[in-house]
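The structure under discussion appears below in the form of structure tokens.
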Amino acid sequence: MPPASRSRSRFMVKITYTDSQGVSRTVDGEIGATVMETAIKNNIPEIEAECGGACACATCHVYVDEAWREKVGGPSPMEEDMLDFGYDVRPNSRLSCQIKITEELDGLSVSTPERQA
Amino acid sequence: MSEPIKTDVVIIGAGPIGLFAVFELGLLDIKAHLVDILDKIGGQCAELYPEKPIYDIPGIPKVSAQGLVDNLMEQIRPFNPVFHLNEMVETVERLGDAQFRVTTGAGTVFDCKAVVVAAGGGSFQPKRPPIPGIEAYEAKSVHYAVRQMEAFRGKRLLIVGGGDSALDWTLNLAPVASHLTLLHRRQEFRAAPDSVNKMMALVGEGKIDLVLGQVTALEGADGQVSAAIVKRTDGSVFNIACDAILPFFGLTMKLGPVANWGLTLEGDLIPVDTAAFETNVPGIFAIGDINTYPGKLKLILSGFHEAALMAQKAHRYVYPDKRLTFQYTTSSTSLQKKLGVN
């Protein structure tokens with residue numbers, strides 16, 4: 001795993017997405033945007049976001065890397081309800097439309113399942 | 001085929017726009033029947049976000065989606081609309097000028113003078129769970145709805161889900177099945193607490209099995225399932241032998257039979273003119289999220305406007321010999337009489 005690179009900008013952080021084939025892509029994420037929005041903006045594969053971020057589908061599902069789980073936190077009850085419809089949901093599963101990017105998450109690393117619901 | 005119900009207009013979809021269409025048509029003495037696949041009135045508002053506040057309904061700073069539906073129901077009550085829920089319109093045939101025959105999957109038939117497609121994002125259909133290969137079993141042993149409970153008598157049933165549908169059917173089918181397993185991803189259920197308690201009681205009595213985990217694959221042949229391969233939360237894998245599976249994974253919107261009525265389509269949307277929101281078939285209108293035109297916004301307020309203009313043109317099909325005088329509800333005694341407000 002490549003070391004997380006830290007951004008110099010006050011407003012942007014680095015987010016790394018690793019797909020189900022093991023390919024990693026690191027992009028700039030805007031503080032205040034969601035991990036899903038950042039993925040869509042940067043054409044990250046394997047994230048679909050059918051409902052556009054309303055927490056009403058389960059197609060922006062990601063696995064949060066163990067090192068980041070505490071900082072990112074767990075799903076809300078509403079998110080848990082939607083995760084019931086997800087594919088291969090694991091203890092480190094989150095819906096990326098519900099993860100808001102903060103300075104604290106600079107270097108965040110997530111991976112995507114081989115398919116979305 | 002049952003005796004056709006004769007009415008002026010059939011509205012396909014009982015969401016907020018279909019409901020407001022009743023009002024605009026009613027002001028012009030046009031009677032309507034509404035058909036909706038859901039078991040409730042209110043469309044996407046009632047099904048997807050009933051508790052969420054809406055801030056962009058003109059004149060209403062804040063209203064919950066269900067609150068808006070309730071208000072619309074009150075607004076259209078003077079016009080006594082007739083609702084046909086749990087039904088989906090299958091065919092729309094043009095029999096002549098201002099003559100349409102509309103039939104639903106349940107066998108209900110309407111003869112009407114105009115058709116209003118207010119189908120929103122499409123017909124709500126059960127969502128297919130993300131289980132590889134499940135399609136192969138759908139005709140025979142995987143069911144997304146229960147039509148006849150008796151069909152499951154003596155069978156080993158696997159019900160998957162954690163909401164009201166999964167719990168209700170678990171309680172209903174436990175005495176019918178030879179064996180019933182309820183499978184859910186986690187210990188918490190979305191279903192009503194009373195249903196969950198009743199289910200746990202059955203588990204305690206040894207009448208059903210509750211398993212926490214997710215289906216990763218199915219085993220079977222020729223459409224007949226024999227077992228579900230389940231991964232538990234601790235990662236361990238085991239099989240649940242079963243004859244039928246009922247997965248309850250929520251609803252999704254699909255265009256459905258709208259695609260078969262001879263309407264020009266642009267993707268999953270129906271292009272219309274902006275004078276009356278009529279489709280390429282005279283007498284068939286499309287309003288709300290289902291339509292498209294230059295500048296279209298998928299907003300409830302847009303659908304309301306479209307319903308008003310549609311009604312003016314629909315009047316020509318329903319009352320070809322009558323002249324339509326434009327009136328305001330604030331000043332017209334005849335409109336106020338129809339609304340029952342004076």
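To be explicit about the labels: the chains of the structure tokens are called A, B, and onward in the order shown, and within each one the residues are counted from 1, while ligands get numbers from 1 in the order they are shown.
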
Alpha helix (DSSP H) positions in stretch 7-117 of chain A, given as a list in words: Val35, Met36, Glu37, Thr38, Ala39, Ile40, Lys41, Arg69, Glu70, Lys71, Val72, Pro77, Met78, Glu79, Glu80, Asp81, Met82 and Leu83 of chain A

7 Å contacts from chain B to chain A using only C-alpha atoms, as an MDAnalysis selection string: chainID B and resid 129:130 185 190 249

So that I have them on file, write out the residues from the current selection with C-alpha atoms, as a short mmCIF file (atom, residue, chain, number, x, y, z; two decimals), in the first residue's frame.
data_model
loop_
_atom_site.label_atom_id
_atom_site.label_comp_id
_atom_site.auth_asym_id
_atom_site.auth_seq_id
_atom_site.Cartn_x
_atom_site.Cartn_y
_atom_site.Cartn_z
CA PRO B 129 -31.17 -8.75 -4.50
CA PRO B 130 -27.48 -8.70 -5.45
CA ARG B 185 -27.79 -9.24 7.57
CA ARG B 190 -36.34 -2.18 10.22
CA PHE B 249 -35.05 -6.10 -0.78
#

Separation of atom CA of B:Gln148 from atom CA of B:Cys45, in Å and rounded to one decimal: 29.5 Å

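Restricting the calculation to only C-alpha atoms, the smallest distance between A:Ala39 and any of A:Ala67, A:Ile99, A:Val27, A:Leu108 is found for A:Val27.
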
Those in stretch 24-102 of chain A with strand (DSSP E) from DSSP, as a VMD selection string: chain A and resid 24 to 30 61 to 64 93 to 95

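With only C-alpha atoms taken into account, the protein and nucleic acid residues at most 6 Å from stretch 272-284 of chain B (excluding it and anything under 5 positions from it in its own chain) are Ala114, Val115, Val116, Leu309 and Met310 of chain B.
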
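Among the candidates B:Ala244, B:Leu167, B:Asn172, B:Ile159, the residue lying nearest to B:Val211 is B:Ile159 (atoms considered: only C-alpha atoms).
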
Near-stretch 2-6 of chain B list (9 Å; only C-alpha atoms; drop same-chain fewer than 5 positions) as a list in words: Arg101, Val102, Thr103, Gly107, Thr108, Val109, Phe110, Asp111 and Cys112 of chain B

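Counting only C-alpha atoms and comparing A:Glu37, A:Trp68, A:Val62, A:Glu114, the residue that lies closest to A:Ser93 is A:Val62.
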
Using 8 Å as the limit and counting only C-alpha atoms, can you tabulate each residue of stretch 40-99 of chain A that touches stretch 15-19 of chain A, with its shortest atom-to-atom distance in Å and the two atoms involved, as CSV?
residue,atom,partner,partner_atom,distance
A:Ile44,CA,A:Tyr17,CA,7.4
A:Pro45,CA,A:Asp19,CA,7.2
A:Glu46,CA,A:Asp19,CA,6.9

Who sits within 12 Å of B:Phe248, only C-alpha atoms, same chain under 4 positions skipped, as JSON, numbers by chain: {"A": [84, 85], "B": [125, 126, 127, 128, 129, 130, 142, 143, 144, 145, 146, 158, 159, 160, 161, 162, 163, 164, 165, 166, 167, 168, 169, 170, 182, 183, 184, 190, 191, 252]}

Include N, CA and C atoms and write out the residues we just selected as a compact mmCIF listing (two decimals), in the first residue's frame.
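What follows is the written file result-v9.txt:
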# COMPACT_ATOMS: atom_id res chain seq x y z
N ASP A 84 -28.70 -2.82 4.31
CA ASP A 84 -29.40 -4.11 4.22
C ASP A 84 -29.56 -4.55 2.77
N PHE A 85 -29.57 -3.58 1.85
CA PHE A 85 -29.77 -3.91 0.43
C PHE A 85 -28.45 -4.01 -0.33
N GLN B 125 -41.37 -1.69 -8.54
CA GLN B 125 -41.31 -3.14 -8.63
C GLN B 125 -40.31 -3.64 -7.59
N PRO B 126 -40.43 -4.89 -7.18
CA PRO B 126 -39.48 -5.41 -6.19
C PRO B 126 -38.05 -5.35 -6.73
N LYS B 127 -37.12 -5.00 -5.83
CA LYS B 127 -35.72 -4.91 -6.22
C LYS B 127 -35.12 -6.30 -6.21
N ARG B 128 -34.33 -6.60 -7.23
CA ARG B 128 -33.66 -7.90 -7.28
C ARG B 128 -32.45 -7.82 -6.34
N PRO B 129 -32.32 -8.79 -5.42
CA PRO B 129 -31.17 -8.75 -4.50
C PRO B 129 -29.87 -9.05 -5.26
N PRO B 130 -28.76 -8.51 -4.76
CA PRO B 130 -27.48 -8.70 -5.45
C PRO B 130 -26.89 -10.09 -5.22
N VAL B 142 -37.92 -18.54 -6.86
CA VAL B 142 -37.62 -17.30 -6.15
C VAL B 142 -38.78 -16.35 -6.42
N HIS B 143 -39.43 -15.87 -5.38
CA HIS B 143 -40.63 -15.06 -5.52
C HIS B 143 -40.47 -13.74 -4.78
N TYR B 144 -40.88 -12.64 -5.43
CA TYR B 144 -40.77 -11.32 -4.81
C TYR B 144 -42.09 -10.86 -4.23
N ALA B 145 -43.13 -11.64 -4.43
CA ALA B 145 -44.45 -11.32 -3.87
C ALA B 145 -45.16 -12.63 -3.60
N VAL B 146 -46.10 -12.60 -2.68
CA VAL B 146 -46.88 -13.80 -2.38
C VAL B 146 -48.29 -13.59 -2.90
N LEU B 158 -37.14 -20.03 2.60
CA LEU B 158 -36.13 -19.10 3.09
C LEU B 158 -36.64 -17.71 2.79
N ILE B 159 -36.84 -16.90 3.83
CA ILE B 159 -37.25 -15.50 3.64
C ILE B 159 -36.05 -14.63 3.97
N VAL B 160 -35.72 -13.70 3.07
CA VAL B 160 -34.55 -12.84 3.27
C VAL B 160 -35.00 -11.40 3.39
N GLY B 161 -34.60 -10.75 4.47
CA GLY B 161 -34.93 -9.33 4.62
C GLY B 161 -35.14 -8.97 6.08
N GLY B 162 -35.24 -7.65 6.32
CA GLY B 162 -35.38 -7.19 7.70
C GLY B 162 -36.47 -6.15 7.87
N GLY B 163 -37.26 -5.95 6.84
CA GLY B 163 -38.31 -4.93 6.91
C GLY B 163 -39.68 -5.55 7.16
N ASP B 164 -40.70 -4.70 7.05
CA ASP B 164 -42.06 -5.17 7.34
C ASP B 164 -42.51 -6.31 6.43
N SER B 165 -42.16 -6.23 5.14
CA SER B 165 -42.59 -7.31 4.23
C SER B 165 -42.03 -8.64 4.67
N ALA B 166 -40.71 -8.68 4.96
CA ALA B 166 -40.08 -9.95 5.35
C ALA B 166 -40.69 -10.48 6.64
N LEU B 167 -40.89 -9.60 7.61
CA LEU B 167 -41.42 -10.05 8.90
C LEU B 167 -42.88 -10.47 8.79
N ASP B 168 -43.68 -9.68 8.07
CA ASP B 168 -45.10 -10.02 7.91
C ASP B 168 -45.26 -11.40 7.26
N TRP B 169 -44.49 -11.63 6.20
CA TRP B 169 -44.62 -12.92 5.51
C TRP B 169 -44.05 -14.06 6.35
N THR B 170 -43.03 -13.78 7.16
CA THR B 170 -42.52 -14.81 8.07
C THR B 170 -43.63 -15.24 9.02
N LEU B 182 -35.70 -17.34 8.50
CA LEU B 182 -35.60 -15.90 8.19
C LEU B 182 -34.12 -15.54 8.24
N LEU B 183 -33.63 -14.94 7.17
CA LEU B 183 -32.22 -14.55 7.08
C LEU B 183 -32.12 -13.04 6.96
N HIS B 184 -31.32 -12.44 7.83
CA HIS B 184 -31.12 -10.99 7.76
C HIS B 184 -29.66 -10.70 8.04
N ARG B 190 -35.66 -3.43 10.55
CA ARG B 190 -36.34 -2.18 10.22
C ARG B 190 -37.84 -2.31 10.46
N ALA B 191 -38.30 -3.54 10.62
CA ALA B 191 -39.73 -3.80 10.72
C ALA B 191 -40.30 -3.26 12.03
N THR B 252 -37.88 -0.74 -6.52
CA THR B 252 -37.16 0.13 -7.44
C THR B 252 -38.14 0.55 -8.54

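The shell of residues at most 8 Å from stretch 63-76 of chain B, with only C-alpha atoms counted and near chain neighbours (fewer than 4 positions) removed, consists of Gly15, Pro16, Leu19, Phe20, Val22, Phe23, Gly26, Ile41, Gly42, Cys45, Ala46, Tyr49, Pro50, Glu51, Lys52, Pro53, Ile54, Tyr55, Asn80 and Pro81 of chain B.
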
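Omitting stretch 216-229 of chain B and its sequence neighbours fewer than 5 positions away, and counting only C-alpha atoms, the residues within 8 Å are Asp88 of chain A; Ile131, Pro132, Gly133, Ile134, Ala136, Tyr137, Glu138, Ala139, Lys140, Ser141, Val142, Val237, Phe238, Asn239, Ile240, Ala241, Cys242, Asp243, Ala244 and Ile245 of chain B.
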
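Coordinates place atom CA of B:Lys113 at a distance of 7.6 Å from atom CA of B:Thr7.
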
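Proximity to A:Asp65 was assessed for A:Lys14, A:Met36, A:Arg25, A:Arg94 counting only C-alpha atoms; the smallest distance is recorded for A:Arg94.
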
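One finds atom CA of B:Ile287 at 10.2 Å from atom CA of B:Gly13.
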
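Closest approach to A:Asn43 among A:Ser20, A:Gly107, A:Ile101, A:Thr26: A:Thr26, based on only C-alpha atoms.
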